[in-house]
Amino acid sequence: MKYAEVLLSQGNINQGHFYLPRGTDLFPADALGGKNKSEMAILLKVVFTGTGEVVHTDIDREKSLFRLARGQSRRFIEKHRLTAGDKIYITKTGDRQFSVSNKIITEPTLNSVLDEFNSEVIRALNESPENRKLQLDKAPKKPDKKTVEITSYIRSPYVVAEVLDRANGTCERCKSSAPFKRKSDGSPYLEVHHRVPLSENGDDTVENALALCPNCHRELHFGFNA
Ligand SMILES: [Zn+2]
Ligand SMILES: [Zn+2]
């Protein structure tokens with residue numbers, strides 16, 4: 001996976017921050033913002049390994065650092081007990097997602113594979129129909145395989161049951177009825193979604209969960225309202 005490495009100086013350690021490499025094409029150009037917060041660019045999602053903290057931030061182009069990640073950077077440096085001369089790796093793990101780690105990340109994640117696939121689809125949609133036809137003709141009929149590393153959160157079945165009971169067969173967002181019944185027990189089919197994702201340190205609680213119809217659920221993850 002694509003990454004950049006950063007060499008920490010004593011000054012970085014004292015300040016509890018690190019500078020991003022300049023002139024790299026690792027970061028999308030639209031994530032580079034101006035000096036002031038009013039000149040903020042489009043946000044990236046940055047995941048700090050070890051502390052598990054997640055921050056949505058752009059890059060302050062002038063200072064060359066993640067604008068909103070001061071606390072997270074300091075805690076990351078402390079957690080891994082980094083000292084001057086140590087390296088930090090910034091890896092592109094998804095379309096607008098980056099991981100900050102003290103080791104090189106080699107395993108693709110499910111998200112990085114899906115994001116990469118998504119941008120391939122958009123690229124294919126923008127090609128001419130003739131070229132697409134050409135590509136289709138020479139494409140192998142059986143797909144390639146890739147093994148990915150998945151972190152799975154063990155959710156409480158009681159939270160799901162409680163939220164489904166609260167919704168009583170109606171989507172808690174658009175208020176329409178569940179679109180069909182489950183084959184397994186005949187109950188109305190709704191999906192339980194976390195407002196603050198578990199991967200972003202959200203709680204697995206009834207308060208942080210919503211029962212949604214599949215349309216609303218997909219929209220919250222992929223739509224403009226995401
Ligand atoms: Zn709905
Ligand atoms: Zn969800």
# chains A, B, ... in the order shown; residues from 1 in each chain; ligands from 1

call {"tool": "residues_near_ligand", "arguments": {"ligand": "ligand 2", "cutoff": "6 Å", "atoms": "only C-alpha atoms and all ligand atoms", "output": "PDB file with all heavy atoms, in the first residue's frame"}}
result
ATOM      1  N   HIS A 193     -28.068   0.390  12.964  1.00  0.00           N
ATOM      2  CA  HIS A 193     -26.918   1.218  12.573  1.00  0.00           C
ATOM      3  C   HIS A 193     -26.440   2.028  13.775  1.00  0.00           C
ATOM      4  O   HIS A 193     -27.257   2.472  14.586  1.00  0.00           O
ATOM      5  CB  HIS A 193     -27.401   2.141  11.440  1.00  0.00           C
ATOM      6  CG  HIS A 193     -26.539   3.335  11.182  1.00  0.00           C
ATOM      7  ND1 HIS A 193     -25.437   3.291  10.374  1.00  0.00           N
ATOM      8  CD2 HIS A 193     -26.632   4.626  11.612  1.00  0.00           C
ATOM      9  CE1 HIS A 193     -24.887   4.505  10.319  1.00  0.00           C
ATOM     10  NE2 HIS A 193     -25.586   5.334  11.054  1.00  0.00           N
ATOM     11  N   HIS A 194     -25.128   2.222  13.889  1.00  0.00           N
ATOM     12  CA  HIS A 194     -24.594   3.058  14.968  1.00  0.00           C
ATOM     13  C   HIS A 194     -24.385   4.481  14.471  1.00  0.00           C
ATOM     14  O   HIS A 194     -23.766   4.688  13.438  1.00  0.00           O
ATOM     15  CB  HIS A 194     -23.278   2.472  15.487  1.00  0.00           C
ATOM     16  CG  HIS A 194     -23.465   1.226  16.285  1.00  0.00           C
ATOM     17  ND1 HIS A 194     -23.538  -0.019  15.704  1.00  0.00           N
ATOM     18  CD2 HIS A 194     -23.643   1.048  17.611  1.00  0.00           C
ATOM     19  CE1 HIS A 194     -23.740  -0.928  16.648  1.00  0.00           C
ATOM     20  NE2 HIS A 194     -23.815  -0.306  17.820  1.00  0.00           N
ATOM     21  N   HIS A 217     -30.307   3.075   5.447  1.00  0.00           N
ATOM     22  CA  HIS A 217     -29.012   2.635   5.940  1.00  0.00           C
ATOM     23  C   HIS A 217     -27.912   2.859   4.901  1.00  0.00           C
ATOM     24  O   HIS A 217     -26.869   3.422   5.194  1.00  0.00           O
ATOM     25  CB  HIS A 217     -29.090   1.159   6.348  1.00  0.00           C
ATOM     26  CG  HIS A 217     -27.934   0.744   7.192  1.00  0.00           C
ATOM     27  ND1 HIS A 217     -27.611  -0.554   7.417  1.00  0.00           N
ATOM     28  CD2 HIS A 217     -27.008   1.483   7.851  1.00  0.00           C
ATOM     29  CE1 HIS A 217     -26.536  -0.617   8.186  1.00  0.00           C
ATOM     30  NE2 HIS A 217     -26.154   0.612   8.461  1.00  0.00           N
TER      31      HIS A 217
END

call {"tool": "residues_around", "arguments": {"residues": "Asp165 (chain A)", "least_positions_apart": "3", "cutoff": "12 Å", "atoms": "only C-alpha atoms", "output": "number ranges by chain"}}
result
A: 158-162, 168-172, 187-190, 192, 206, 210-211

call {"tool": "closest_atom_pairs", "arguments": {"of": "chain A", "to": "ligand 1", "cutoff": "10 Å", "atoms": "only C-alpha atoms and all ligand atoms", "output": "CSV"}}
result
residue,atom,partner,partner_atom_place_in_ligand_line,distance
A:Thr170,CA,ligand 1,1 (Zn),7.9
A:Cys171,CA,ligand 1,1 (Zn),4.6
A:Glu172,CA,ligand 1,1 (Zn),6.6
A:Arg173,CA,ligand 1,1 (Zn),5.0
A:Cys174,CA,ligand 1,1 (Zn),4.0
A:Lys175,CA,ligand 1,1 (Zn),6.0
A:Ser176,CA,ligand 1,1 (Zn),5.9
A:Ser177,CA,ligand 1,1 (Zn),8.0
A:Ala178,CA,ligand 1,1 (Zn),8.1
A:Pro179,CA,ligand 1,1 (Zn),9.4
A:Leu190,CA,ligand 1,1 (Zn),8.9
A:Glu191,CA,ligand 1,1 (Zn),9.8
A:Ala211,CA,ligand 1,1 (Zn),8.6
A:Leu212,CA,ligand 1,1 (Zn),5.3
A:Cys213,CA,ligand 1,1 (Zn),4.3
A:Pro214,CA,ligand 1,1 (Zn),6.9
A:Asn215,CA,ligand 1,1 (Zn),5.9
A:Cys216,CA,ligand 1,1 (Zn),4.3
A:His217,CA,ligand 1,1 (Zn),7.1
A:Arg218,CA,ligand 1,1 (Zn),9.6
A:Glu219,CA,ligand 1,1 (Zn),9.1
A:Leu220,CA,ligand 1,1 (Zn),9.9

call {"tool": "residues_around", "arguments": {"residues": "region 20-24 of chain A", "least_positions_apart": "5", "cutoff": "9 Å", "atoms": "only C-alpha atoms", "output": "JSON, numbers by chain"}}
result
{"A": [4, 5, 6, 59, 61, 63, 64, 65, 66, 90]}

call {"tool": "write_last_selection", "arguments": {"atoms": "all heavy atoms", "output": "mmCIF file, in the first residue's frame"}}
result
data_model
loop_
_atom_site.group_PDB
_atom_site.id
_atom_site.type_symbol
_atom_site.label_atom_id
_atom_site.label_comp_id
_atom_site.auth_asym_id
_atom_site.auth_seq_id
_atom_site.Cartn_x
_atom_site.Cartn_y
_atom_site.Cartn_z
ATOM 1 N N ALA A 4 4.015 7.099 3.177
ATOM 2 C CA ALA A 4 5.148 8.014 3.292
ATOM 3 C C ALA A 4 5.725 7.823 4.678
ATOM 4 O O ALA A 4 5.005 7.467 5.609
ATOM 5 C CB ALA A 4 4.685 9.446 3.109
ATOM 6 N N GLU A 5 7.030 8.032 4.809
ATOM 7 C CA GLU A 5 7.593 7.931 6.152
ATOM 8 C C GLU A 5 8.102 9.286 6.620
ATOM 9 O O GLU A 5 8.504 10.138 5.832
ATOM 10 C CB GLU A 5 8.665 6.851 6.239
ATOM 11 C CG GLU A 5 9.782 6.956 5.229
ATOM 12 C CD GLU A 5 10.784 5.827 5.410
ATOM 13 O OE1 GLU A 5 10.419 4.673 5.119
ATOM 14 O OE2 GLU A 5 11.917 6.104 5.838
ATOM 15 N N VAL A 6 8.021 9.459 7.939
ATOM 16 C CA VAL A 6 8.377 10.725 8.557
ATOM 17 C C VAL A 6 9.403 10.424 9.637
ATOM 18 O O VAL A 6 9.195 9.533 10.455
ATOM 19 C CB VAL A 6 7.121 11.345 9.223
ATOM 20 C CG1 VAL A 6 7.485 12.574 10.014
ATOM 21 C CG2 VAL A 6 6.049 11.638 8.191
ATOM 22 N N ILE A 59 -5.271 19.193 5.655
ATOM 23 C CA ILE A 59 -3.846 19.414 5.891
ATOM 24 C C ILE A 59 -3.581 20.915 5.794
ATOM 25 O O ILE A 59 -4.004 21.559 4.836
ATOM 26 C CB ILE A 59 -3.003 18.645 4.849
ATOM 27 C CG1 ILE A 59 -3.164 17.143 5.081
ATOM 28 C CG2 ILE A 59 -1.533 19.047 4.903
ATOM 29 C CD1 ILE A 59 -2.630 16.282 3.964
ATOM 30 N N ARG A 61 -1.434 23.411 4.646
ATOM 31 C CA ARG A 61 -0.397 23.292 3.613
ATOM 32 C C ARG A 61 0.892 23.986 4.050
ATOM 33 O O ARG A 61 1.983 23.484 3.844
ATOM 34 C CB ARG A 61 -0.911 23.890 2.303
ATOM 35 C CG ARG A 61 -0.056 23.521 1.120
ATOM 36 C CD ARG A 61 -0.459 24.236 -0.149
ATOM 37 N NE ARG A 61 -1.895 24.404 -0.279
ATOM 38 C CZ ARG A 61 -2.483 25.569 -0.527
ATOM 39 N NH1 ARG A 61 -1.786 26.655 -0.665
ATOM 40 N NH2 ARG A 61 -3.801 25.645 -0.629
ATOM 41 N N LYS A 63 2.017 24.766 7.183
ATOM 42 C CA LYS A 63 2.723 24.097 8.282
ATOM 43 C C LYS A 63 3.014 22.642 7.945
ATOM 44 O O LYS A 63 3.820 21.998 8.604
ATOM 45 C CB LYS A 63 1.879 24.148 9.552
ATOM 46 C CG LYS A 63 1.708 25.552 10.115
ATOM 47 C CD LYS A 63 1.255 25.476 11.558
ATOM 48 C CE LYS A 63 0.902 26.828 12.116
ATOM 49 N NZ LYS A 63 -0.473 26.886 12.630
ATOM 50 N N SER A 64 2.295 22.104 6.940
ATOM 51 C CA SER A 64 2.433 20.714 6.538
ATOM 52 C C SER A 64 2.157 19.748 7.684
ATOM 53 O O SER A 64 2.972 18.886 8.009
ATOM 54 C CB SER A 64 3.827 20.471 5.943
ATOM 55 O OG SER A 64 3.820 19.235 5.255
ATOM 56 N N LEU A 65 0.994 19.940 8.310
ATOM 57 C CA LEU A 65 0.557 18.943 9.291
ATOM 58 C C LEU A 65 -0.957 18.788 9.264
ATOM 59 O O LEU A 65 -1.666 19.633 8.722
ATOM 60 C CB LEU A 65 1.061 19.242 10.701
ATOM 61 C CG LEU A 65 1.154 20.650 11.268
ATOM 62 C CD1 LEU A 65 -0.187 21.110 11.788
ATOM 63 C CD2 LEU A 65 2.163 20.645 12.405
ATOM 64 N N PHE A 66 -1.432 17.670 9.840
ATOM 65 C CA PHE A 66 -2.873 17.468 9.941
ATOM 66 C C PHE A 66 -3.398 18.545 10.881
ATOM 67 O O PHE A 66 -3.041 18.580 12.061
ATOM 68 C CB PHE A 66 -3.195 16.082 10.496
ATOM 69 C CG PHE A 66 -2.893 14.945 9.553
ATOM 70 C CD1 PHE A 66 -2.095 13.883 9.961
ATOM 71 C CD2 PHE A 66 -3.425 14.913 8.268
ATOM 72 C CE1 PHE A 66 -1.821 12.817 9.103
ATOM 73 C CE2 PHE A 66 -3.165 13.858 7.400
ATOM 74 C CZ PHE A 66 -2.359 12.810 7.820
ATOM 75 N N ILE A 90 2.746 6.955 7.308
ATOM 76 C CA ILE A 90 1.401 7.421 6.979
ATOM 77 C C ILE A 90 0.972 6.674 5.722
ATOM 78 O O ILE A 90 1.561 6.844 4.657
ATOM 79 C CB ILE A 90 1.383 8.937 6.776
ATOM 80 C CG1 ILE A 90 1.816 9.585 8.094
ATOM 81 C CG2 ILE A 90 -0.003 9.425 6.388
ATOM 82 C CD1 ILE A 90 2.490 10.887 7.906
#

call {"tool": "select_by_dssp", "arguments": {"residues": "region 32-126 of chain A", "states": "strand (DSSP E)", "output": "CSV table (one decimal) with C-alpha atoms, in the first residue's frame"}}
result
chain,number,residue,atom,x,y,z
A,32,LEU,CA,-4.6,20.9,1.3
A,33,GLY,CA,-6.0,23.9,3.0
A,44,LEU,CA,-9.6,13.2,5.3
A,45,LYS,CA,-10.2,10.5,7.8
A,46,VAL,CA,-7.0,9.8,9.8
A,47,VAL,CA,-6.8,6.7,12.0
A,48,PHE,CA,-4.1,6.5,14.7
A,54,VAL,CA,-9.9,8.8,14.6
A,55,VAL,CA,-9.9,12.4,13.4
A,56,HIS,CA,-11.4,14.1,10.4
A,57,THR,CA,-9.1,16.8,9.2
A,59,ILE,CA,-3.8,19.4,5.9
A,60,ASP,CA,-2.5,22.9,6.8
A,65,LEU,CA,0.6,18.9,9.3
A,66,PHE,CA,-2.9,17.5,9.9
A,87,LYS,CA,9.9,6.9,12.1
A,88,ILE,CA,6.2,7.3,11.6
A,89,TYR,CA,4.4,5.8,8.6
A,90,ILE,CA,1.4,7.4,7.0
A,91,THR,CA,-0.4,4.9,4.8
A,92,LYS,CA,-3.3,5.5,2.4
A,93,THR,CA,-5.8,2.9,3.5
A,94,GLY,CA,-8.8,4.1,1.5
A,97,GLN,CA,-8.5,7.5,4.6
A,98,PHE,CA,-5.1,7.4,6.1
A,99,SER,CA,-3.5,5.4,8.9
A,100,VAL,CA,-0.7,6.7,11.1
A,101,SER,CA,1.4,3.9,12.5

call {"tool": "closest_residue", "arguments": {"among": "A:Ile77, A:Ile150, A:Leu114, A:Ala209", "to": "Arg166 (chain A)", "atoms": "only C-alpha atoms"}}
result
A:Ala209

call {"tool": "closest_residue", "arguments": {"among": "A:Glu53, A:Asn111, A:Arg123, A:Asp58", "to": "Glu200 (chain A)", "atoms": "only C-alpha atoms"}}
result
A:Glu53

call {"tool": "select_by_dssp", "arguments": {"residues": "region 95-157 of chain A", "states": "helix (DSSP H, G or I)", "output": "list in words"}}
result
Leu110, Asn111, Ser112, Val113, Leu114, Asp115, Glu116, Phe117, Asn118, Ser119, Glu120, Val121, Ile122, Arg123, Ala124, Leu125, Pro129, Glu130, Asn131, Arg132, Lys133, Leu134, Gln135, Leu136, Asp137, Lys138 and Pro157 of chain A

call {"tool": "atom_distance", "arguments": {"atom1": "CA of Leu7 (chain A)", "atom2": "CA of Asn36 (chain A)"}}
result
26.4 Å

call {"tool": "atom_distance", "arguments": {"atom1": "CA of Gly16 (chain A)", "atom2": "CA of Val196 (chain A)"}}
result
27.2 Å

call {"tool": "atom_distance", "arguments": {"atom1": "CA of Leu43 (chain A)", "atom2": "CA of Arg96 (chain A)"}}
result
7.9 Å

call {"tool": "closest_residue", "arguments": {"among": "A:Ile105, A:Ile42, A:Ala84, A:Ala69", "to": "Tyr3 (chain A)", "atoms": "only C-alpha atoms"}}
result
A:Ile105

call {"tool": "closest_residue", "arguments": {"among": "A:Ile154, A:Ile13, A:Met40, A:Leu68", "to": "Asp204 (chain A)", "atoms": "only C-alpha atoms"}}
result
A:Ile154

call {"tool": "decode", "arguments": {"residues": "region 169-208 of chain A", "atoms": "N, CA and C atoms", "output": "short mmCIF file (atom, residue, chain, number, x, y, z; two decimals), in the first residue's frame"}}
result
data_model
loop_
_atom_site.label_atom_id
_atom_site.label_comp_id
_atom_site.auth_asym_id
_atom_site.auth_seq_id
_atom_site.Cartn_x
_atom_site.Cartn_y
_atom_site.Cartn_z
N GLY A 169 -40.94 -2.30 13.74
CA GLY A 169 -41.21 -2.55 12.32
C GLY A 169 -41.19 -1.32 11.44
N THR A 170 -40.87 -0.14 12.01
CA THR A 170 -40.85 1.10 11.23
C THR A 170 -39.45 1.70 11.24
N CYS A 171 -38.97 2.12 10.08
CA CYS A 171 -37.64 2.75 9.99
C CYS A 171 -37.63 4.01 10.85
N GLU A 172 -36.62 4.14 11.70
CA GLU A 172 -36.57 5.29 12.61
C GLU A 172 -36.11 6.57 11.91
N ARG A 173 -35.80 6.47 10.61
CA ARG A 173 -35.39 7.68 9.89
C ARG A 173 -36.52 8.16 8.97
N CYS A 174 -36.96 7.31 8.02
CA CYS A 174 -37.97 7.77 7.05
C CYS A 174 -39.37 7.36 7.45
N LYS A 175 -39.50 6.60 8.54
CA LYS A 175 -40.80 6.22 9.11
C LYS A 175 -41.60 5.26 8.22
N SER A 176 -40.97 4.69 7.17
CA SER A 176 -41.75 3.71 6.39
C SER A 176 -41.60 2.32 7.01
N SER A 177 -42.51 1.43 6.62
CA SER A 177 -42.50 0.09 7.19
C SER A 177 -41.31 -0.70 6.66
N ALA A 178 -40.86 -1.66 7.41
CA ALA A 178 -39.80 -2.56 6.95
C ALA A 178 -40.22 -3.14 5.60
N PRO A 179 -39.31 -3.24 4.61
CA PRO A 179 -39.69 -3.63 3.25
C PRO A 179 -40.10 -5.09 3.11
N PHE A 180 -39.66 -5.95 4.01
CA PHE A 180 -40.06 -7.36 3.93
C PHE A 180 -39.85 -8.01 5.29
N LYS A 181 -40.28 -9.26 5.38
CA LYS A 181 -40.11 -9.99 6.64
C LYS A 181 -38.96 -10.98 6.53
N ARG A 182 -38.29 -11.22 7.63
CA ARG A 182 -37.17 -12.16 7.65
C ARG A 182 -37.65 -13.59 7.47
N LYS A 183 -36.93 -14.32 6.59
CA LYS A 183 -37.27 -15.73 6.37
C LYS A 183 -37.13 -16.51 7.68
N SER A 184 -36.11 -16.14 8.50
CA SER A 184 -35.80 -16.96 9.67
C SER A 184 -36.91 -16.97 10.72
N ASP A 185 -37.55 -15.82 10.96
CA ASP A 185 -38.56 -15.80 12.03
C ASP A 185 -39.78 -14.94 11.71
N GLY A 186 -39.85 -14.43 10.48
CA GLY A 186 -41.03 -13.66 10.10
C GLY A 186 -41.07 -12.25 10.67
N SER A 187 -39.97 -11.82 11.34
CA SER A 187 -39.97 -10.47 11.91
C SER A 187 -39.65 -9.44 10.82
N PRO A 188 -40.12 -8.18 11.01
CA PRO A 188 -39.85 -7.16 9.99
C PRO A 188 -38.36 -6.90 9.84
N TYR A 189 -37.89 -6.79 8.57
CA TYR A 189 -36.46 -6.63 8.32
C TYR A 189 -36.02 -5.18 8.43
N LEU A 190 -35.28 -4.85 9.47
CA LEU A 190 -34.64 -3.53 9.62
C LEU A 190 -33.18 -3.78 10.02
N GLU A 191 -32.33 -2.79 9.75
CA GLU A 191 -30.90 -2.93 10.07
C GLU A 191 -30.53 -1.97 11.19
N VAL A 192 -29.76 -2.46 12.15
CA VAL A 192 -29.39 -1.59 13.27
C VAL A 192 -28.03 -0.93 12.99
N HIS A 193 -28.07 0.39 12.96
CA HIS A 193 -26.92 1.22 12.57
C HIS A 193 -26.44 2.03 13.78
N HIS A 194 -25.13 2.22 13.89
CA HIS A 194 -24.59 3.06 14.97
C HIS A 194 -24.39 4.48 14.47
N ARG A 195 -24.93 5.45 15.20
CA ARG A 195 -24.77 6.86 14.80
C ARG A 195 -23.29 7.22 14.76
N VAL A 196 -22.58 7.00 15.86
CA VAL A 196 -21.12 7.14 15.85
C VAL A 196 -20.59 5.72 15.67
N PRO A 197 -19.92 5.43 14.54
CA PRO A 197 -19.49 4.06 14.26
C PRO A 197 -18.61 3.48 15.37
N LEU A 198 -18.74 2.19 15.58
CA LEU A 198 -17.91 1.51 16.59
C LEU A 198 -16.43 1.68 16.23
N SER A 199 -16.13 1.72 14.92
CA SER A 199 -14.74 1.89 14.47
C SER A 199 -14.22 3.29 14.79
N GLU A 200 -15.13 4.20 15.12
CA GLU A 200 -14.70 5.55 15.51
C GLU A 200 -14.94 5.74 17.00
N ASN A 201 -14.86 4.64 17.71
CA ASN A 201 -14.96 4.66 19.16
C ASN A 201 -16.37 4.96 19.68
N GLY A 202 -17.39 4.77 18.82
CA GLY A 202 -18.77 4.94 19.26
C GLY A 202 -19.16 3.86 20.25
N ASP A 203 -20.20 4.13 21.06
CA ASP A 203 -20.66 3.15 22.05
C ASP A 203 -21.63 2.15 21.43
N ASP A 204 -21.56 0.92 21.89
CA ASP A 204 -22.54 -0.08 21.49
C ASP A 204 -23.70 -0.01 22.47
N THR A 205 -24.49 1.07 22.34
CA THR A 205 -25.61 1.28 23.26
C THR A 205 -26.88 1.58 22.46
N VAL A 206 -28.00 1.43 23.13
CA VAL A 206 -29.31 1.71 22.52
C VAL A 206 -29.37 3.17 22.06
N GLU A 207 -28.78 4.08 22.85
CA GLU A 207 -28.82 5.51 22.53
C GLU A 207 -28.03 5.81 21.25
N ASN A 208 -26.98 5.04 20.99
CA ASN A 208 -26.14 5.31 19.81
C ASN A 208 -26.59 4.49 18.60
#
